[in-house]
Amino acid sequence: MHLTHQPRVALVTGAGRGIGKAIAERLAAHGHTVLCVSKSDTCVAVAQGILDKGQKAKAYQVDVADPVAVAKACEQIIAEYGAVEILVNNAGITRDKLVMAMSETEWNEVLSTNLSSAFYWVKGLVRPMTRKRWGRIISISSVTGVQGNAGQANYAAAKAGLHGLTMTLARELSGRAITANAVAPGFITTDMTAELSDEIKQKILSFIPLGRFGSVTDIAAMVDYLASEEGGYITGQVFSVDGGMAI
Ligand code: NAD
């Protein structure tokens with residue numbers, strides 16, 4: 001299917017590498033102006049790479065777990081662009097431990113970076129989005145948020161929390177033609193997963209019916225569809241893109 005994209009302003013958190021970078025590049029290739037957010041300055045190189053192709057982007061170095069920093073960035077963005085119409089909450093971290101060994105700090109870090117951050121961005125950007133009467137809020141969850149995973153209580157709770165937020169946003173914002181959906185990747189080859197040992201990777205592979213790890217393109221393609229004009233009748237859903245892991 002050929003997807004239709006009218007040029008919009010899009011913001012992607014965690015756009016400095018991995019899945020977020022692939023999403024940012026894909027949206028930019030469709031003519032959207034992509035605001036690339038990351039905690040470190042990696043978003044600067046990603047935005048520059050997009051600009052070098054003659055496409056539109058700008059980098060914002062923001063810690064998404066910091067509500068004051070996000071609110072400030074949102075004010076700046078609204079002053080400059082009027083509104084963000086496509087918001088992709090992608091930034092995420094892991095601090096894996098069994099519950100028995102998990103510290104409160106590890107719990108809170110993951111909850112604030114992976115879940116509260118989405119609330120901060122929505123809160124900062126939703127008013128002008130409603131005035132546009134067109135919007136897409138897409139949050140990157142995980143197979144762990146769908147079925148849980150030993151050693152990831154904080155991460156599973158945060159990702160499942162995104163599902164609740166997504167369903168609620170879908171209901172609250174439907175009257176303004178704003179959709180809210182989540183994409184739940186399985187095991188995707190990125191820096192986040194590169195740290196795992198070969199032994200663990202082989203074990204994970206045995207749980208993937210399609211018999212391979214996913215690529216960042218597999219996730220960007222789903223986001224692309226949800227962000228397109230054709231994706232406008234889909235809201236409040238969680239889409240697994242996981243090679244069948246959560247069947
Ligand atoms: P990654 O670690 O390669 O990249 C994460 C990005 O988020 C980086 O650009 C980093 O700078 C940014 N980030 C982290 N903390 C931040 C903060 N406080 N403020 C701003 N930016 C911050 O991760 P990835 O593998 O590309 O994962 C992207 C998303 O997909 C995450 O939400 C992750 O939970 C989810 N996910 C990944 C996989 C996988 O297999 N890689 C599987 C399921 C879900």
# chains A, B, ... in the order shown; residues from 1 in each chain; ligands from 1
>>> residues_around(residues="Ser141 in chain A", least_positions_apart="4", cutoff="10 Å", atoms="only C-alpha atoms", output="NGL selection string")
:A and (89-92 or 114-115 or 145-146 or 155-156 or 158-163 or 181-186 or 238-240)
>>> write_last_selection(atoms="N, CA and C atoms", output="PDB file, in the first residue's frame")
ATOM      1  N   ASN A  89       6.877   8.836  21.539  1.00  0.00           N
ATOM      2  CA  ASN A  89       7.541   8.619  22.832  1.00  0.00           C
ATOM      3  C   ASN A  89       8.350   7.335  22.723  1.00  0.00           C
ATOM      4  N   ASN A  90       9.622   7.472  22.464  1.00  0.00           N
ATOM      5  CA  ASN A  90      10.475   6.296  22.224  1.00  0.00           C
ATOM      6  C   ASN A  90      11.579   6.133  23.260  1.00  0.00           C
ATOM      7  N   ALA A  91      12.010   7.227  23.895  1.00  0.00           N
ATOM      8  CA  ALA A  91      13.156   7.136  24.816  1.00  0.00           C
ATOM      9  C   ALA A  91      12.877   6.086  25.893  1.00  0.00           C
ATOM     10  N   GLY A  92      13.859   5.272  26.166  1.00  0.00           N
ATOM     11  CA  GLY A  92      13.673   4.256  27.196  1.00  0.00           C
ATOM     12  C   GLY A  92      15.004   3.712  27.674  1.00  0.00           C
ATOM     13  N   ASN A 114      10.749   5.950  31.180  1.00  0.00           N
ATOM     14  CA  ASN A 114       9.960   5.209  30.187  1.00  0.00           C
ATOM     15  C   ASN A 114       8.468   5.532  30.222  1.00  0.00           C
ATOM     16  N   LEU A 115       7.952   5.989  31.366  1.00  0.00           N
ATOM     17  CA  LEU A 115       6.502   6.221  31.449  1.00  0.00           C
ATOM     18  C   LEU A 115       6.144   7.687  31.727  1.00  0.00           C
ATOM     19  N   GLY A 145       6.062  -5.384  28.259  1.00  0.00           N
ATOM     20  CA  GLY A 145       4.863  -4.725  28.775  1.00  0.00           C
ATOM     21  C   GLY A 145       3.610  -5.527  28.489  1.00  0.00           C
ATOM     22  N   VAL A 146       3.700  -6.443  27.529  1.00  0.00           N
ATOM     23  CA  VAL A 146       2.548  -7.262  27.148  1.00  0.00           C
ATOM     24  C   VAL A 146       2.482  -8.524  28.016  1.00  0.00           C
ATOM     25  N   TYR A 155      10.654  -2.170  34.208  1.00  0.00           N
ATOM     26  CA  TYR A 155      10.465  -1.953  32.766  1.00  0.00           C
ATOM     27  C   TYR A 155       9.070  -2.433  32.332  1.00  0.00           C
ATOM     28  N   ALA A 156       8.648  -3.592  32.819  1.00  0.00           N
ATOM     29  CA  ALA A 156       7.324  -4.138  32.464  1.00  0.00           C
ATOM     30  C   ALA A 156       6.219  -3.221  32.976  1.00  0.00           C
ATOM     31  N   ALA A 158       6.441  -0.007  33.613  1.00  0.00           N
ATOM     32  CA  ALA A 158       6.453   1.245  32.846  1.00  0.00           C
ATOM     33  C   ALA A 158       5.806   1.046  31.478  1.00  0.00           C
ATOM     34  N   LYS A 159       6.151  -0.049  30.808  1.00  0.00           N
ATOM     35  CA  LYS A 159       5.623  -0.275  29.456  1.00  0.00           C
ATOM     36  C   LYS A 159       4.130  -0.593  29.507  1.00  0.00           C
ATOM     37  N   ALA A 160       3.702  -1.397  30.471  1.00  0.00           N
ATOM     38  CA  ALA A 160       2.264  -1.665  30.611  1.00  0.00           C
ATOM     39  C   ALA A 160       1.528  -0.376  30.975  1.00  0.00           C
ATOM     40  N   GLY A 161       2.204   0.487  31.728  1.00  0.00           N
ATOM     41  CA  GLY A 161       1.632   1.802  32.056  1.00  0.00           C
ATOM     42  C   GLY A 161       1.391   2.620  30.804  1.00  0.00           C
ATOM     43  N   LEU A 162       2.292   2.513  29.847  1.00  0.00           N
ATOM     44  CA  LEU A 162       2.119   3.225  28.566  1.00  0.00           C
ATOM     45  C   LEU A 162       0.858   2.749  27.851  1.00  0.00           C
ATOM     46  N   HIS A 163       0.508   1.471  28.029  1.00  0.00           N
ATOM     47  CA  HIS A 163      -0.703   0.958  27.377  1.00  0.00           C
ATOM     48  C   HIS A 163      -1.938   1.626  27.986  1.00  0.00           C
ATOM     49  N   ASN A 181      -1.609   5.368  19.980  1.00  0.00           N
ATOM     50  CA  ASN A 181      -1.339   3.929  19.864  1.00  0.00           C
ATOM     51  C   ASN A 181       0.034   3.610  20.431  1.00  0.00           C
ATOM     52  N   ALA A 182       0.240   2.350  20.736  1.00  0.00           N
ATOM     53  CA  ALA A 182       1.553   1.898  21.204  1.00  0.00           C
ATOM     54  C   ALA A 182       2.052   0.789  20.282  1.00  0.00           C
ATOM     55  N   VAL A 183       3.368   0.738  20.134  1.00  0.00           N
ATOM     56  CA  VAL A 183       4.003  -0.336  19.369  1.00  0.00           C
ATOM     57  C   VAL A 183       4.889  -1.102  20.353  1.00  0.00           C
ATOM     58  N   ALA A 184       4.714  -2.412  20.391  1.00  0.00           N
ATOM     59  CA  ALA A 184       5.451  -3.238  21.352  1.00  0.00           C
ATOM     60  C   ALA A 184       6.473  -4.110  20.624  1.00  0.00           C
ATOM     61  N   PRO A 185       7.720  -3.642  20.511  1.00  0.00           N
ATOM     62  CA  PRO A 185       8.743  -4.449  19.828  1.00  0.00           C
ATOM     63  C   PRO A 185       9.122  -5.669  20.655  1.00  0.00           C
ATOM     64  N   GLY A 186       9.582  -6.691  19.956  1.00  0.00           N
ATOM     65  CA  GLY A 186      10.173  -7.849  20.629  1.00  0.00           C
ATOM     66  C   GLY A 186      11.649  -7.566  20.802  1.00  0.00           C
ATOM     67  N   VAL A 238      -2.443  -1.506  21.017  1.00  0.00           N
ATOM     68  CA  VAL A 238      -1.035  -1.868  21.232  1.00  0.00           C
ATOM     69  C   VAL A 238      -0.684  -2.887  20.149  1.00  0.00           C
ATOM     70  N   PHE A 239       0.294  -2.554  19.304  1.00  0.00           N
ATOM     71  CA  PHE A 239       0.679  -3.440  18.204  1.00  0.00           C
ATOM     72  C   PHE A 239       1.992  -4.148  18.521  1.00  0.00           C
ATOM     73  N   SER A 240       1.939  -5.458  18.597  1.00  0.00           N
ATOM     74  CA  SER A 240       3.160  -6.230  18.807  1.00  0.00           C
ATOM     75  C   SER A 240       3.899  -6.370  17.485  1.00  0.00           C
TER      76      SER A 240
END
>>> residues_near_ligand(ligand="ligand 1", cutoff="8 Å", atoms="only C-alpha atoms and all ligand atoms", output="ChimeraX atom specification")
/A:13-21,37-43,61-66,89-94,113-114,140-144,155,159,184-193,214,216
>>> write_last_selection(atoms="N, CA and C atoms", output="CSV table (one decimal), in the first residue's frame")
chain,number,residue,atom,x,y,z
A,13,THR,N,11.4,11.2,20.7
A,13,THR,CA,12.3,11.2,21.8
A,13,THR,C,13.2,9.9,21.7
A,14,GLY,N,14.4,10.1,22.2
A,14,GLY,CA,15.4,9.0,22.1
A,14,GLY,C,15.8,8.8,20.7
A,15,ALA,N,15.9,9.9,20.0
A,15,ALA,CA,16.2,9.8,18.5
A,15,ALA,C,17.7,9.7,18.2
A,16,GLY,N,18.5,9.7,19.3
A,16,GLY,CA,20.0,9.7,19.1
A,16,GLY,C,20.6,8.4,18.5
A,17,ARG,N,19.9,7.3,18.6
A,17,ARG,CA,20.4,6.1,18.0
A,17,ARG,C,19.2,5.0,18.0
A,18,GLY,N,19.5,3.9,17.5
A,18,GLY,CA,18.6,2.7,17.6
A,18,GLY,C,17.3,3.0,16.9
A,19,ILE,N,16.2,2.5,17.6
A,19,ILE,CA,14.9,2.6,17.0
A,19,ILE,C,14.4,4.0,16.8
A,20,GLY,N,14.7,4.9,17.7
A,20,GLY,CA,14.3,6.3,17.6
A,20,GLY,C,14.9,7.0,16.4
A,21,LYS,N,16.2,6.7,16.2
A,21,LYS,CA,16.9,7.3,15.0
A,21,LYS,C,16.2,6.8,13.7
A,37,VAL,N,15.0,14.4,19.8
A,37,VAL,CA,15.3,14.6,21.2
A,37,VAL,C,16.2,13.5,21.7
A,38,SER,N,17.3,13.8,22.4
A,38,SER,CA,18.0,12.8,23.2
A,38,SER,C,18.6,13.4,24.4
A,39,LYS,N,19.0,12.6,25.4
A,39,LYS,CA,19.6,13.1,26.6
A,39,LYS,C,21.1,13.6,26.3
A,40,SER,N,21.8,12.8,25.6
A,40,SER,CA,23.1,13.2,25.2
A,40,SER,C,23.1,13.9,23.9
A,41,ASP,N,24.2,14.4,23.4
A,41,ASP,CA,24.2,15.2,22.2
A,41,ASP,C,24.1,14.4,20.9
A,42,THR,N,23.8,13.1,21.0
A,42,THR,CA,23.7,12.2,19.8
A,42,THR,C,22.6,12.7,18.8
A,43,CYS,N,21.6,13.4,19.4
A,43,CYS,CA,20.5,13.8,18.5
A,43,CYS,C,21.0,14.9,17.5
A,61,GLN,N,18.5,18.7,23.0
A,61,GLN,CA,19.1,17.8,24.0
A,61,GLN,C,18.3,18.0,25.3
A,62,VAL,N,17.5,17.1,25.6
A,62,VAL,CA,16.6,17.2,26.8
A,62,VAL,C,16.5,15.8,27.5
A,63,ASP,N,16.6,15.9,28.9
A,63,ASP,CA,16.4,14.7,29.7
A,63,ASP,C,14.9,14.5,29.8
A,64,VAL,N,14.3,13.5,29.2
A,64,VAL,CA,12.9,13.3,29.2
A,64,VAL,C,12.3,13.0,30.6
A,65,ALA,N,13.2,12.6,31.5
A,65,ALA,CA,12.7,12.2,32.8
A,65,ALA,C,12.6,13.4,33.7
A,66,ASP,N,13.0,14.6,33.2
A,66,ASP,CA,13.0,15.8,34.0
A,66,ASP,C,11.8,16.7,33.5
A,89,ASN,N,6.9,8.8,21.5
A,89,ASN,CA,7.5,8.6,22.8
A,89,ASN,C,8.4,7.3,22.7
A,90,ASN,N,9.6,7.5,22.5
A,90,ASN,CA,10.5,6.3,22.2
A,90,ASN,C,11.6,6.1,23.3
A,91,ALA,N,12.0,7.2,23.9
A,91,ALA,CA,13.2,7.1,24.8
A,91,ALA,C,12.9,6.1,25.9
A,92,GLY,N,13.9,5.3,26.2
A,92,GLY,CA,13.7,4.3,27.2
A,92,GLY,C,15.0,3.7,27.7
A,93,ILE,N,15.0,3.2,28.9
A,93,ILE,CA,16.2,2.6,29.5
A,93,ILE,C,15.8,1.3,30.2
A,94,THR,N,16.8,0.5,30.5
A,94,THR,CA,16.5,-0.7,31.3
A,94,THR,C,17.5,-0.6,32.6
A,113,THR,N,11.8,7.6,33.2
A,113,THR,CA,12.3,7.7,31.8
A,113,THR,C,11.3,7.1,30.8
A,114,ASN,N,10.7,6.0,31.2
A,114,ASN,CA,10.0,5.2,30.2
A,114,ASN,C,8.5,5.5,30.2
A,140,ILE,N,6.5,3.9,22.2
A,140,ILE,CA,7.2,2.6,22.0
A,140,ILE,C,7.2,1.8,23.3
A,141,SER,N,6.5,0.7,23.3
A,141,SER,CA,6.4,-0.1,24.5
A,141,SER,C,7.4,-1.3,24.4
A,142,SER,N,7.0,-2.5,24.7
A,142,SER,CA,7.8,-3.6,24.6
A,142,SER,C,7.0,-4.9,24.8
A,143,VAL,N,7.5,-6.0,24.3
A,143,VAL,CA,6.9,-7.3,24.5
A,143,VAL,C,6.8,-7.6,26.0
A,144,THR,N,7.8,-7.0,26.8
A,144,THR,CA,7.8,-7.1,28.2
A,144,THR,C,6.6,-6.5,28.9
A,155,TYR,N,10.7,-2.2,34.2
A,155,TYR,CA,10.5,-2.0,32.8
A,155,TYR,C,9.1,-2.4,32.3
A,159,LYS,N,6.2,0.0,30.8
A,159,LYS,CA,5.6,-0.3,29.5
A,159,LYS,C,4.1,-0.6,29.5
A,184,ALA,N,4.7,-2.4,20.4
A,184,ALA,CA,5.5,-3.2,21.4
A,184,ALA,C,6.5,-4.1,20.6
A,185,PRO,N,7.7,-3.6,20.5
A,185,PRO,CA,8.7,-4.4,19.8
A,185,PRO,C,9.1,-5.7,20.7
A,186,GLY,N,9.6,-6.7,20.0
A,186,GLY,CA,10.2,-7.8,20.6
A,186,GLY,C,11.6,-7.6,20.8
A,187,PHE,N,12.5,-8.5,20.3
A,187,PHE,CA,13.9,-8.3,20.5
A,187,PHE,C,14.5,-7.7,19.2
A,188,ILE,N,14.9,-6.4,19.3
A,188,ILE,CA,15.4,-5.7,18.1
A,188,ILE,C,16.9,-5.5,18.3
A,189,THR,N,17.6,-5.7,17.2
A,189,THR,CA,19.1,-5.5,17.3
A,189,THR,C,19.4,-4.0,17.3
A,190,THR,N,19.8,-3.6,18.5
A,190,THR,CA,20.3,-2.2,18.7
A,190,THR,C,21.3,-2.2,19.8
A,191,ASP,N,21.8,-1.0,20.2
A,191,ASP,CA,22.9,-0.9,21.2
A,191,ASP,C,22.3,-1.4,22.5
A,192,MET,N,21.0,-1.2,22.8
A,192,MET,CA,20.4,-1.6,24.0
A,192,MET,C,20.5,-3.1,24.2
A,193,THR,N,20.4,-3.9,23.1
A,193,THR,CA,20.4,-5.3,23.2
A,193,THR,C,21.8,-5.9,22.9
A,214,GLY,N,14.5,-8.8,15.4
A,214,GLY,CA,13.9,-7.7,14.6
A,214,GLY,C,14.9,-6.7,14.2
A,216,VAL,N,15.5,-2.3,13.3
A,216,VAL,CA,14.9,-1.0,13.6
A,216,VAL,C,13.9,-0.7,12.6
>>> atom_distance(atom1="CA of Ile86 in chain A", atom2="CA of Gln6 in chain A")
11.4 Å
>>> atom_distance(atom1="CA of Gln55 in chain A", atom2="CA of Cys36 in chain A")
13.0 Å
>>> closest_residue(among="A:Gly31, A:Gly135, A:Gly151, A:Pro128", to="Met100 in chain A", atoms="only C-alpha atoms")
A:Gly151
>>> closest_residue(among="A:Ile200, A:Ala45, A:Val122, A:Leu210", to="Leu173 in chain A", atoms="only C-alpha atoms")
A:Val122
>>> atom_distance(atom1="CA of Leu35 in chain A", atom2="CA of Gly49 in chain A")
12.7 Å
>>> closest_residue(among="A:Val84, A:Asp96, A:Val9, A:Pro67", to="Ser112 in chain A", atoms="only C-alpha atoms")
A:Pro67
>>> closest_residue(among="A:Arg8, A:Arg212, A:Lys132, A:Lys201", to="Gly175 in chain A", atoms="only C-alpha atoms")
A:Lys132
>>> residues_around(residues="Lys97 in chain A", least_positions_apart="2", cutoff="9 Å", atoms="only C-alpha atoms", output="list of chain:residue names")
A:Arg95, A:Val99, A:Met100, A:Ala101, A:Met102, A:Ser103, A:Glu106, A:Ala150, A:Gly151, A:Gln152, A:Ala153, A:Asn154
>>> closest_residue(among="A:Ser197, A:Glu25, A:Arg171, A:Ala157", to="Asn108 in chain A", atoms="only C-alpha atoms")
A:Ala157
>>> closest_residue(among="A:Leu111, A:Val241, A:Met129, A:Val88", to="Thr166 in chain A", atoms="only C-alpha atoms")
A:Val88
>>> select_by_dssp(residues="range 52-220 of chain A", states="helix (DSSP H, G or I)", output="ChimeraX atom specification")
/A:52,67-81,99-101,104-132,143-147,153-176,191-194,198-205,216-220
